[in-house]
>>> print(open('start.cif').read())   # mmCIF, C-alpha atoms
data_work
loop_
_atom_site.group_PDB
_atom_site.id
_atom_site.type_symbol
_atom_site.label_atom_id
_atom_site.label_comp_id
_atom_site.auth_asym_id
_atom_site.auth_seq_id
_atom_site.Cartn_x
_atom_site.Cartn_y
_atom_site.Cartn_z
ATOM 1 C CA MET A 1181 70.854 -2.079 -131.137
ATOM 2 C CA ALA A 1182 71.691 -2.126 -127.463
ATOM 3 C CA ILE A 1183 74.924 -3.753 -126.427
ATOM 4 C CA GLN A 1184 73.908 -6.976 -124.721
ATOM 5 C CA ALA A 1185 75.673 -8.975 -122.003
ATOM 6 C CA SER A 1186 75.529 -12.521 -123.286
ATOM 7 C CA ASP A 1187 74.585 -15.288 -120.896
ATOM 8 C CA ALA A 1188 74.272 -12.892 -117.974
ATOM 9 C CA ASN A 1189 72.984 -14.403 -114.753
ATOM 10 C CA VAL A 1190 71.224 -12.226 -112.189
ATOM 11 C CA ASN A 1191 70.206 -13.752 -108.824
ATOM 12 C CA GLY A 1192 70.427 -17.203 -110.350
ATOM 13 C CA ILE A 1193 68.037 -16.360 -113.207
ATOM 14 C CA GLY A 1194 69.367 -16.358 -116.771
ATOM 15 C CA LEU A 1195 68.688 -12.864 -118.124
ATOM 16 C CA THR A 1196 70.177 -10.862 -120.971
ATOM 17 C CA LEU A 1197 70.955 -7.367 -119.723
ATOM 18 C CA SER A 1198 71.353 -4.106 -121.612
ATOM 19 C CA ARG A 1199 74.581 -2.167 -121.199
ATOM 20 C CA GLU A 1200 74.976 1.587 -121.358
ATOM 21 C CA ARG A 1201 77.259 3.072 -124.037
ATOM 22 C CA PRO A 1202 77.959 6.645 -125.204
ATOM 23 C CA ALA A 1203 75.577 8.096 -127.788
ATOM 24 C CA ALA A 1204 76.708 9.976 -130.902
ATOM 25 C CA THR A 1205 75.440 13.512 -130.191
ATOM 26 C CA SER A 1206 76.648 17.018 -131.021
ATOM 27 C CA SER A 1207 77.234 20.226 -129.125
ATOM 28 C CA GLY A 1208 74.159 22.413 -129.213
ATOM 29 C CA TYR A 1209 76.187 25.624 -129.378
ATOM 30 C CA LEU A 1210 77.597 24.802 -132.824
ATOM 31 C CA MET A 1211 74.139 23.922 -134.099
ATOM 32 C CA LEU A 1212 72.841 27.160 -132.570
ATOM 33 C CA LEU A 1213 75.213 29.004 -134.917
ATOM 34 C CA VAL A 1214 73.816 26.997 -137.837
ATOM 35 C CA LEU A 1215 70.296 27.928 -136.697
ATOM 36 C CA LEU A 1216 71.155 31.638 -136.712
ATOM 37 C CA ILE A 1217 72.726 31.350 -140.166
ATOM 38 C CA ALA A 1218 69.576 29.651 -141.496
ATOM 39 C CA LEU A 1219 67.423 32.372 -139.975
ATOM 40 C CA ALA A 1220 69.592 35.098 -141.489
ATOM 41 C CA THR A 1221 69.421 33.354 -144.877
ATOM 42 C CA ALA A 1222 65.625 33.278 -144.798
ATOM 43 C CA ILE A 1223 65.495 36.950 -143.819
ATOM 44 C CA TYR A 1224 67.909 37.885 -146.599
ATOM 45 C CA GLY A 1225 65.835 35.931 -149.094
ATOM 46 C CA GLY A 1226 62.779 37.907 -148.056
ATOM 47 C CA SER A 1227 64.607 41.164 -148.674
ATOM 48 C CA THR A 1228 65.695 40.101 -152.191
ATOM 49 C CA VAL A 1229 62.409 38.611 -153.360
ATOM 50 C CA ASP A 1230 61.453 41.854 -155.096
ATOM 51 C CA THR A 1231 64.683 42.191 -157.106
ATOM 52 C CA ASP A 1232 65.258 38.471 -157.773
ATOM 53 C CA PRO A 1233 62.090 36.448 -157.080
ATOM 54 C CA ALA A 1234 63.650 33.050 -157.873
ATOM 55 C CA LEU A 1235 66.697 33.542 -155.656
ATOM 56 C CA GLY A 1236 64.643 35.101 -152.862
ATOM 57 C CA ALA A 1237 62.119 32.262 -152.852
ATOM 58 C CA SER A 1238 64.827 29.587 -152.797
ATOM 59 C CA LEU A 1239 66.642 31.313 -149.915
ATOM 60 C CA ILE A 1240 63.422 31.629 -147.922
ATOM 61 C CA VAL A 1241 62.443 27.976 -148.460
ATOM 62 C CA GLY A 1242 65.952 26.638 -147.850
ATOM 63 C CA GLY A 1243 66.533 28.785 -144.788
ATOM 64 C CA THR A 1244 63.136 27.874 -143.305
ATOM 65 C CA ILE A 1245 63.675 24.132 -143.827
ATOM 66 C CA VAL A 1246 67.147 24.203 -142.256
ATOM 67 C CA PHE A 1247 65.861 26.383 -139.384
ATOM 68 C CA ALA A 1248 63.023 23.944 -138.592
ATOM 69 C CA PHE A 1249 65.303 20.909 -138.953
ATOM 70 C CA VAL A 1250 67.949 22.277 -136.585
ATOM 71 C CA LEU A 1251 65.416 23.648 -134.101
ATOM 72 C CA CYS A 1252 63.826 20.212 -133.559
ATOM 73 C CA GLY A 1253 67.117 18.633 -132.468
ATOM 74 C CA PHE A 1254 67.922 20.770 -129.426
ATOM 75 C CA TYR A 1255 67.742 19.522 -125.831
ATOM 76 C CA MET A 1256 69.419 20.509 -122.575
ATOM 77 C CA LEU A 1257 71.094 18.418 -119.868
ATOM 78 C CA GLN A 1258 71.674 19.537 -116.292
ATOM 79 C CA PRO A 1259 74.404 18.058 -114.055
ATOM 80 C CA ASN A 1260 73.687 14.426 -113.117
ATOM 81 C CA GLN A 1261 71.129 14.010 -115.883
ATOM 82 C CA ALA A 1262 71.352 11.711 -118.889
ATOM 83 C CA VAL A 1263 69.432 11.113 -122.119
ATOM 84 C CA ALA A 1264 68.930 7.656 -123.580
ATOM 85 C CA VAL A 1265 68.788 7.810 -127.389
ATOM 86 C CA THR A 1266 66.648 5.386 -129.406
ATOM 87 C CA LEU A 1267 65.957 4.858 -133.101
ATOM 88 C CA PHE A 1268 62.551 3.291 -133.763
ATOM 89 C CA GLY A 1269 62.736 1.572 -130.367
ATOM 90 C CA SER A 1270 66.354 0.428 -130.712
ATOM 91 C CA TYR A 1271 68.779 1.715 -128.072
ATOM 92 C CA GLN A 1272 71.540 3.851 -129.602
ATOM 93 C CA GLY A 1273 73.409 5.043 -126.532
ATOM 94 C CA THR A 1274 73.297 7.506 -123.643
ATOM 95 C CA ASP A 1275 74.419 11.129 -123.572
ATOM 96 C CA ARG A 1276 75.740 12.360 -120.188
ATOM 97 C CA LYS A 1277 77.382 15.622 -121.333
ATOM 98 C CA THR A 1278 75.784 18.647 -119.701
ATOM 99 C CA GLY A 1279 74.694 21.866 -121.372
ATOM 100 C CA LEU A 1280 72.972 22.549 -124.703
ATOM 101 C CA ARG A 1281 73.027 19.422 -126.879
ATOM 102 C CA TRP A 1282 71.789 18.536 -130.347
ATOM 103 C CA LEU A 1283 70.577 15.291 -131.896
ATOM 104 C CA LEU A 1284 69.030 14.285 -135.202
ATOM 105 C CA PRO A 1285 65.313 15.077 -134.905
ATOM 106 C CA TRP A 1286 64.093 11.561 -135.778
ATOM 107 C CA LEU A 1287 65.980 9.998 -132.871
ATOM 108 C CA GLY A 1288 63.977 9.442 -129.672
ATOM 109 C CA ARG A 1289 65.155 10.942 -126.391
ATOM 110 C CA LYS A 1290 64.373 9.754 -122.853
ATOM 111 C CA LYS A 1291 65.691 11.809 -119.945
ATOM 112 C CA ILE A 1292 66.682 10.053 -116.746
ATOM 113 C CA SER A 1293 68.157 11.389 -113.507
ATOM 114 C CA VAL A 1294 71.363 9.830 -112.182
ATOM 115 C CA ARG A 1295 71.245 11.846 -108.954
ATOM 116 C CA ALA A 1296 71.097 10.252 -105.532
ATOM 117 C CA ASN A 1297 67.599 9.448 -104.256
ATOM 118 C CA ASN A 1298 66.605 9.054 -100.612
ATOM 119 C CA ILE A 1299 63.713 6.766 -99.688
ATOM 120 C CA ILE A 1300 62.223 5.896 -96.301
ATOM 121 C CA SER A 1301 60.180 2.755 -96.626
ATOM 122 C CA ASP A 1302 56.856 2.097 -94.952
ATOM 123 C CA LYS A 1303 56.786 0.240 -91.642
ATOM 124 C CA ILE A 1304 56.372 -3.460 -92.348
ATOM 125 C CA LYS A 1305 55.755 -6.348 -89.971
ATOM 126 C CA VAL A 1306 58.359 -9.117 -90.041
ATOM 127 C CA ASN A 1307 58.956 -12.227 -87.942
ATOM 128 C CA ASP A 1308 62.508 -12.238 -86.583
ATOM 129 C CA LEU A 1309 64.718 -15.326 -86.250
ATOM 130 C CA ARG A 1310 62.825 -16.437 -83.125
ATOM 131 C CA GLY A 1311 59.419 -15.857 -84.691
ATOM 132 C CA ASN A 1312 58.628 -12.676 -82.775
ATOM 133 C CA PRO A 1313 56.663 -10.128 -84.840
ATOM 134 C CA ILE A 1314 58.580 -6.858 -85.192
ATOM 135 C CA GLU A 1315 58.080 -3.631 -87.117
ATOM 136 C CA ILE A 1316 60.869 -2.379 -89.401
ATOM 137 C CA ALA A 1317 61.342 0.640 -91.662
ATOM 138 C CA ALA A 1318 64.496 1.421 -93.620
ATOM 139 C CA GLN A 1319 66.146 4.476 -95.153
ATOM 140 C CA VAL A 1320 67.944 3.877 -98.457
ATOM 141 C CA VAL A 1321 70.090 6.185 -100.612
ATOM 142 C CA TRP A 1322 70.221 4.880 -104.190
ATOM 143 C CA ARG A 1323 71.101 6.114 -107.670
ATOM 144 C CA VAL A 1324 71.070 4.927 -111.269
ATOM 145 C CA THR A 1325 74.455 3.776 -112.581
ATOM 146 C CA ASP A 1326 73.388 2.191 -115.885
ATOM 147 C CA THR A 1327 70.648 4.115 -117.700
ATOM 148 C CA ALA A 1328 70.091 1.395 -120.298
ATOM 149 C CA GLN A 1329 69.314 -1.229 -117.660
ATOM 150 C CA ALA A 1330 67.117 1.141 -115.659
ATOM 151 C CA LEU A 1331 64.993 2.079 -118.699
ATOM 152 C CA PHE A 1332 64.896 -1.136 -120.722
ATOM 153 C CA ASP A 1333 65.463 -4.086 -118.357
ATOM 154 C CA VAL A 1334 62.709 -3.297 -115.833
ATOM 155 C CA ASN A 1335 59.248 -1.899 -116.397
ATOM 156 C CA ASP A 1336 59.394 0.922 -113.831
ATOM 157 C CA TYR A 1337 62.740 1.225 -112.062
ATOM 158 C CA LYS A 1338 61.407 3.440 -109.236
ATOM 159 C CA ALA A 1339 58.617 0.992 -108.375
ATOM 160 C CA PHE A 1340 61.152 -1.834 -108.714
ATOM 161 C CA VAL A 1341 63.363 -0.162 -106.095
ATOM 162 C CA MET A 1342 60.477 0.114 -103.614
ATOM 163 C CA VAL A 1343 59.522 -3.548 -103.998
ATOM 164 C CA GLN A 1344 63.109 -4.748 -103.617
ATOM 165 C CA ILE A 1345 63.660 -2.596 -100.523
ATOM 166 C CA GLU A 1346 60.692 -4.252 -98.840
ATOM 167 C CA ALA A 1347 61.882 -7.718 -99.878
ATOM 168 C CA ALA A 1348 65.434 -7.056 -98.619
ATOM 169 C CA VAL A 1349 64.185 -5.689 -95.292
ATOM 170 C CA ARG A 1350 62.045 -8.785 -94.790
ATOM 171 C CA THR A 1351 65.006 -11.038 -95.597
ATOM 172 C CA ILE A 1352 67.401 -9.324 -93.184
ATOM 173 C CA GLY A 1353 64.727 -8.951 -90.501
ATOM 174 C CA SER A 1354 64.065 -12.699 -90.465
ATOM 175 C CA ARG A 1355 67.778 -13.543 -90.438
ATOM 176 C CA TYR A 1356 68.497 -12.226 -86.919
ATOM 177 C CA PRO A 1357 66.690 -12.031 -83.570
ATOM 178 C CA TYR A 1358 65.432 -8.639 -82.440
ATOM 179 C CA ASP A 1359 67.380 -8.800 -79.192
ATOM 180 C CA ASP A 1360 69.563 -11.162 -77.182
ATOM 181 C CA PHE A 1361 69.690 -10.419 -73.471
ATOM 182 C CA ALA A 1362 72.674 -12.733 -73.048
ATOM 183 C CA HIS A 1363 74.624 -10.676 -75.623
ATOM 184 C CA GLN A 1364 75.894 -13.797 -77.388
ATOM 185 C CA GLU A 1365 74.275 -13.333 -80.817
ATOM 186 C CA VAL A 1366 74.194 -10.743 -83.554
ATOM 187 C CA THR A 1367 70.880 -8.903 -83.178
ATOM 188 C CA LEU A 1368 68.930 -6.295 -85.085
ATOM 189 C CA ARG A 1369 68.846 -3.916 -82.118
ATOM 190 C CA GLY A 1370 72.400 -4.351 -80.891
ATOM 191 C CA ASN A 1371 74.404 -4.591 -84.140
ATOM 192 C CA HIS A 1372 73.165 -1.747 -86.328
ATOM 193 C CA ASP A 1373 76.380 -1.373 -88.332
ATOM 194 C CA GLN A 1374 76.788 -5.052 -89.186
ATOM 195 C CA VAL A 1375 73.122 -5.499 -90.064
ATOM 196 C CA GLY A 1376 73.188 -2.293 -92.124
ATOM 197 C CA VAL A 1377 76.137 -3.601 -94.169
ATOM 198 C CA GLU A 1378 74.296 -6.842 -94.883
ATOM 199 C CA LEU A 1379 71.148 -4.928 -95.840
ATOM 200 C CA ARG A 1380 73.155 -2.829 -98.319
ATOM 201 C CA GLN A 1381 74.763 -5.933 -99.838
ATOM 202 C CA GLU A 1382 71.358 -7.574 -100.153
ATOM 203 C CA LEU A 1383 69.909 -4.493 -101.878
ATOM 204 C CA ILE A 1384 72.843 -4.150 -104.283
ATOM 205 C CA ALA A 1385 72.453 -7.794 -105.316
ATOM 206 C CA ARG A 1386 68.726 -7.324 -105.898
ATOM 207 C CA LEU A 1387 69.023 -4.019 -107.809
ATOM 208 C CA VAL A 1388 71.988 -4.833 -110.043
ATOM 209 C CA MET A 1389 69.693 -6.034 -112.826
ATOM 210 C CA ALA A 1390 68.087 -2.574 -112.937
ATOM 211 C CA GLY A 1391 71.402 -0.724 -113.160
ATOM 212 C CA ILE A 1392 70.990 0.746 -109.661
ATOM 213 C CA THR A 1393 73.413 0.849 -106.753
ATOM 214 C CA VAL A 1394 72.904 1.637 -103.059
ATOM 215 C CA ASP A 1395 75.202 4.168 -101.392
ATOM 216 C CA GLU A 1396 73.808 4.024 -97.854
ATOM 217 C CA CYS A 1397 71.055 2.308 -95.913
ATOM 218 C CA GLY A 1398 69.926 1.615 -92.377
ATOM 219 C CA PHE A 1399 66.904 1.105 -90.163
ATOM 220 C CA THR A 1400 64.858 4.147 -89.186
ATOM 221 C CA HIS A 1401 62.300 2.207 -87.130
ATOM 222 C CA LEU A 1402 62.795 -1.028 -85.209
ATOM 223 C CA ALA A 1403 60.391 -2.197 -82.511
ATOM 224 C CA TYR A 1404 58.341 -5.150 -81.362
ATOM 225 C CA ALA A 1405 54.905 -5.345 -82.923
ATOM 226 C CA GLN A 1406 52.102 -3.853 -80.888
ATOM 227 C CA GLU A 1407 50.559 -7.180 -79.896
ATOM 228 C CA ILE A 1408 53.692 -8.340 -78.023
ATOM 229 C CA ALA A 1409 55.312 -5.008 -77.142
ATOM 230 C CA GLY A 1410 53.808 -4.955 -73.622
ATOM 231 C CA ALA A 1411 54.900 -8.489 -72.794
ATOM 232 C CA MET A 1412 58.406 -7.900 -74.127
ATOM 233 C CA LEU A 1413 58.669 -4.675 -72.135
ATOM 234 C CA ARG A 1414 57.752 -6.499 -68.931
ATOM 235 C CA ARG A 1415 60.312 -9.156 -69.786
ATOM 236 C CA GLN A 1416 63.021 -6.552 -70.299
ATOM 237 C CA GLN A 1417 62.089 -4.864 -67.024
ATOM 238 C CA ALA A 1418 62.184 -8.166 -65.139
ATOM 239 C CA GLN A 1419 65.577 -9.061 -66.567
ATOM 240 C CA ALA A 1420 66.882 -5.608 -65.710
ATOM 241 C CA VAL A 1421 65.656 -6.002 -62.118
ATOM 242 C CA VAL A 1422 67.296 -9.440 -61.849
ATOM 243 C CA ALA A 1423 70.582 -8.074 -63.201
ATOM 244 C CA ALA A 1424 70.466 -5.157 -60.759
ATOM 245 C CA ARG A 1425 69.675 -7.467 -57.828
ATOM 246 C CA GLN A 1426 72.543 -9.750 -58.797
ATOM 247 C CA THR A 1427 74.989 -6.855 -58.825
ATOM 248 C CA LEU A 1428 73.635 -5.593 -55.503
ATOM 249 C CA VAL A 1429 73.928 -8.968 -53.788
ATOM 250 C CA GLU A 1430 77.471 -9.490 -55.079
ATOM 251 C CA GLY A 1431 78.474 -6.107 -53.665
ATOM 252 C CA ALA A 1432 76.699 -6.726 -50.352
ATOM 253 C CA VAL A 1433 78.394 -10.104 -49.854
ATOM 254 C CA GLY A 1434 81.779 -8.504 -50.426
ATOM 255 C CA MET A 1435 81.025 -5.738 -47.927
ATOM 256 C CA VAL A 1436 79.826 -8.203 -45.257
ATOM 257 C CA GLU A 1437 82.910 -10.339 -45.746
ATOM 258 C CA MET A 1438 85.148 -7.296 -45.411
ATOM 259 C CA ALA A 1439 83.325 -6.127 -42.249
ATOM 260 C CA LEU A 1440 83.669 -9.493 -40.530
ATOM 261 C CA ASP A 1441 87.360 -9.732 -41.432
ATOM 262 C CA GLN A 1442 88.035 -6.248 -40.051
ATOM 263 C CA LEU A 1443 86.189 -6.990 -36.802
ATOM 264 C CA SER A 1444 88.137 -10.201 -36.308
ATOM 265 C CA LYS A 1445 91.537 -8.652 -37.125
ATOM 266 C CA LYS A 1446 91.103 -5.680 -34.808
ATOM 267 C CA GLY A 1447 89.563 -7.742 -32.012
ATOM 268 C CA VAL A 1448 86.595 -5.452 -31.639
ATOM 269 C CA VAL A 1449 84.319 -8.309 -30.675
ATOM 270 C CA GLU A 1450 84.552 -12.067 -30.465
ATOM 271 C CA LEU A 1451 81.870 -13.701 -32.585
ATOM 272 C CA ASP A 1452 80.829 -17.316 -32.421
ATOM 273 C CA ASP A 1453 79.006 -18.942 -35.310
ATOM 274 C CA GLU A 1454 75.562 -17.928 -34.106
ATOM 275 C CA ARG A 1455 76.519 -14.287 -33.555
ATOM 276 C CA ARG A 1456 78.349 -14.228 -36.887
ATOM 277 C CA ALA A 1457 75.221 -15.545 -38.643
ATOM 278 C CA ALA A 1458 73.054 -12.904 -36.948
ATOM 279 C CA MET A 1459 75.423 -10.139 -37.983
ATOM 280 C CA VAL A 1460 75.532 -11.392 -41.561
ATOM 281 C CA SER A 1461 71.739 -11.443 -41.632
ATOM 282 C CA ASN A 1462 71.475 -7.896 -40.284
ATOM 283 C CA LEU A 1463 74.106 -6.512 -42.664
ATOM 284 C CA MET A 1464 72.485 -8.157 -45.690
ATOM 285 C CA VAL A 1465 69.119 -6.669 -44.718
ATOM 286 C CA VAL A 1466 70.673 -3.220 -44.404
ATOM 287 C CA LEU A 1467 72.635 -3.419 -47.663
ATOM 288 C CA CYS A 1468 70.029 -5.142 -49.866
ATOM 289 C CA GLY A 1469 66.845 -3.567 -48.530
ATOM 290 C CA GLU A 1470 64.961 -1.115 -50.717
ATOM 291 C CA ARG A 1471 63.814 0.990 -47.713
ATOM 292 C CA ASP A 1472 65.817 2.848 -45.098
ATOM 293 C CA THR A 1473 66.526 0.682 -42.072
ATOM 294 C CA GLN A 1474 65.526 1.675 -38.531
ATOM 295 C CA PRO A 1475 68.060 1.047 -35.728
ATOM 296 C CA VAL A 1476 66.974 -1.185 -32.867
ATOM 297 C CA VAL A 1477 68.741 -0.961 -29.474
ATOM 298 C CA ASN A 1478 69.163 -4.368 -27.831
ATOM 299 C CA ALA A 1479 69.758 -3.906 -24.094
ATOM 300 C CA GLY A 1480 70.258 -7.600 -23.455
ATOM 301 C CA SER A 1481 72.239 -10.248 -25.248
ATOM 302 C CA LEU A 1482 71.574 -12.564 -28.155
ATOM 303 C CA TYR A 1483 70.781 -15.416 -25.762
ATOM 304 C CA GLN A 1484 68.150 -13.551 -23.673
#
>>> encode(input="start.cif", output="structure tokens")
Amino acid sequence: MAIQASDANVNGIGLTLSRERPAATSSGYLMLLVLLIALATAIYGGSTVDTDPALGASLIVGGTIVFAFVLCGFYMLQPNQAVAVTLFGSYQGTDRKTGLRWLLPWLGRKKISVRANNIISDKIKVNDLRGNPIEIAAQVVWRVTDTAQALFDVNDYKAFVMVQIEAAVRTIGSRYPYDDFAHQEVTLRGNHDQVGVELRQELIARLVMAGITVDECGFTHLAYAQEIAGAMLRRQQAQAVVAARQTLVEGAVGMVEMALDQLSKKGVVELDDERRAAMVSNLMVVLCGERDTQPVVNAGSLYQ
């Protein structure tokens, strides 16, 4: 029987899990020698059947039976492959040794790959923390760590992985806002590493019952849903324009202040409040305007 983890609790649900253990198997190369000996015995019996019919017949029958028995037990394992062994449906262990292997013919064998698998999920629509619909797709690198759990604790471990990836992506996607223009919150767009770590932890917790771990994961697609993408783009553009204008005005005010201080210190011109206000207005127009300014020659004075 399979080794069971008593009173195991997965994701808050009481569930008895299988546990992988080594299977009692033999090297196939030794049994290959036995196979050749049985074949040679049968051939020798055929050559002696004329001189000693009884001995020849017994050697042929015995050699043929042993040959067929040994031949049915061979199987081969490549690197990062495993075979789960069962006896009438009861789990007997897992063989992870590579090369030519041999097992009693009446024992069942189920091959399973323990290599890394790379999956890119479909784009799914999720509502972020603020309720905005966004589209998300994730890339996940996973592998089987416990063959007994993968084969016997879930119906189809590959389909199970796909479903849990979608569920984890939806959970993480709804936990954070897509973007924060004030840069005061953790967001899906601005904190890829942190969100990726949480997505991996969420996936590991969901896949532990299937004997699967996650080596790497991250988002391959992240965008606003089509129905609000245009409005959000205009919003981003407007906020970018406001931020640029704010920076421009701050710089222009500093330049005007510096110009007035230099004029006053060097005594280039004496400015009363009205002239100072007119100069400030002209300088701000020159510095903040989007078009090139045209000089105007004033032949009179400000009061004419």
>>> atom_distance(input="start.cif", atom1="atom CA of A:Leu1239", atom2="atom CA of A:Thr1221")
6.1 Å
>>> closest_residue(input="start.cif", among="A:Asn1335, A:Gln1406, A:Thr1400, A:Gln1329", to="A:Leu1197", atoms="only C-alpha atoms")
A:Gln1329
>>> atom_distance(input="start.cif", atom1="atom CA of A:Phe1268", atom2="atom CA of A:Ser1206")
19.9 Å
>>> closest_residue(input="start.cif", among="A:Leu1210, A:Leu1331, A:Val1343, A:Ile1217", to="A:Ser1198", atoms="only C-alpha atoms")
A:Leu1331
>>> resolve_selection(input="start.cif", expression="the PyMOL selection byres ((chain A and resi 1332-1334) around 10)", output="PyMOL selection string")
chain A and resi 1182+1195-1199+1271+1327-1331+1335-1340+1389-1391
>>> write_last_selection(input="start.cif", atoms="C-alpha atoms", output="PDB file, in the coordinates of the input")
ATOM      1  CA  ALA A1182      71.691  -2.126-127.463  1.00  0.00           C
ATOM      2  CA  LEU A1195      68.688 -12.864-118.124  1.00  0.00           C
ATOM      3  CA  THR A1196      70.177 -10.862-120.971  1.00  0.00           C
ATOM      4  CA  LEU A1197      70.955  -7.367-119.723  1.00  0.00           C
ATOM      5  CA  SER A1198      71.353  -4.106-121.612  1.00  0.00           C
ATOM      6  CA  ARG A1199      74.581  -2.167-121.199  1.00  0.00           C
ATOM      7  CA  TYR A1271      68.779   1.715-128.072  1.00  0.00           C
ATOM      8  CA  THR A1327      70.648   4.115-117.700  1.00  0.00           C
ATOM      9  CA  ALA A1328      70.091   1.395-120.298  1.00  0.00           C
ATOM     10  CA  GLN A1329      69.314  -1.229-117.660  1.00  0.00           C
ATOM     11  CA  ALA A1330      67.117   1.141-115.659  1.00  0.00           C
ATOM     12  CA  LEU A1331      64.993   2.079-118.699  1.00  0.00           C
ATOM     13  CA  ASN A1335      59.248  -1.899-116.397  1.00  0.00           C
ATOM     14  CA  ASP A1336      59.394   0.922-113.831  1.00  0.00           C
ATOM     15  CA  TYR A1337      62.740   1.225-112.062  1.00  0.00           C
ATOM     16  CA  LYS A1338      61.407   3.440-109.236  1.00  0.00           C
ATOM     17  CA  ALA A1339      58.617   0.992-108.375  1.00  0.00           C
ATOM     18  CA  PHE A1340      61.152  -1.834-108.714  1.00  0.00           C
ATOM     19  CA  MET A1389      69.693  -6.034-112.826  1.00  0.00           C
ATOM     20  CA  ALA A1390      68.087  -2.574-112.937  1.00  0.00           C
ATOM     21  CA  GLY A1391      71.402  -0.724-113.160  1.00  0.00           C
TER      22      GLY A1391
END
>>> resolve_selection(input="start.cif", expression="the PyMOL selection byres ((chain A and resi 1376) around 10)", output="list in words")
Ala1318, Ile1352, Leu1368, Asn1371, His1372, Asp1373, Gln1374, Val1375, Val1377, Glu1378, Leu1379, Arg1380, Gln1381, Glu1382, Glu1396, Cys1397, Gly1398 and Phe1399 of chain A
>>> build_atoms(input="start.cif", residues="stretch 1281-1295 of chain A", atoms="N, CA and C atoms", output="short mmCIF file (atom, residue, chain, number, x, y, z; two decimals), keeping the file's coordinate frame")
data_model
loop_
_atom_site.label_atom_id
_atom_site.label_comp_id
_atom_site.auth_asym_id
_atom_site.auth_seq_id
_atom_site.Cartn_x
_atom_site.Cartn_y
_atom_site.Cartn_z
N ARG A 1281 72.64 20.54 -126.01
CA ARG A 1281 73.03 19.42 -126.88
C ARG A 1281 72.11 19.38 -128.10
N TRP A 1282 72.59 18.65 -129.12
CA TRP A 1282 71.79 18.54 -130.35
C TRP A 1282 71.86 17.11 -130.86
N LEU A 1283 70.71 16.66 -131.39
CA LEU A 1283 70.58 15.29 -131.90
C LEU A 1283 69.69 15.31 -133.13
N LEU A 1284 69.89 14.37 -134.02
CA LEU A 1284 69.03 14.28 -135.20
C LEU A 1284 67.57 14.20 -134.78
N PRO A 1285 66.70 14.97 -135.39
CA PRO A 1285 65.31 15.08 -134.90
C PRO A 1285 64.54 13.77 -134.87
N TRP A 1286 64.87 12.81 -135.75
CA TRP A 1286 64.09 11.56 -135.78
C TRP A 1286 64.54 10.54 -134.72
N LEU A 1287 65.54 10.88 -133.95
CA LEU A 1287 65.98 10.00 -132.87
C LEU A 1287 65.18 10.31 -131.60
N GLY A 1288 64.73 9.26 -130.91
CA GLY A 1288 63.98 9.44 -129.67
C GLY A 1288 64.89 9.76 -128.50
N ARG A 1289 64.38 10.54 -127.56
CA ARG A 1289 65.16 10.94 -126.39
C ARG A 1289 64.35 10.68 -125.12
N LYS A 1290 65.01 10.04 -124.13
CA LYS A 1290 64.37 9.75 -122.85
C LYS A 1290 65.29 10.22 -121.73
N LYS A 1291 64.87 11.29 -121.04
CA LYS A 1291 65.69 11.81 -119.94
C LYS A 1291 65.56 10.93 -118.70
N ILE A 1292 66.68 10.82 -118.00
CA ILE A 1292 66.68 10.05 -116.75
C ILE A 1292 67.67 10.70 -115.78
N SER A 1293 67.29 10.79 -114.52
CA SER A 1293 68.16 11.39 -113.51
C SER A 1293 69.12 10.33 -112.95
N VAL A 1294 70.38 10.71 -112.82
CA VAL A 1294 71.36 9.83 -112.18
C VAL A 1294 71.80 10.41 -110.83
N ARG A 1295 70.97 11.28 -110.27
CA ARG A 1295 71.24 11.85 -108.95
C ARG A 1295 70.88 10.84 -107.86
#
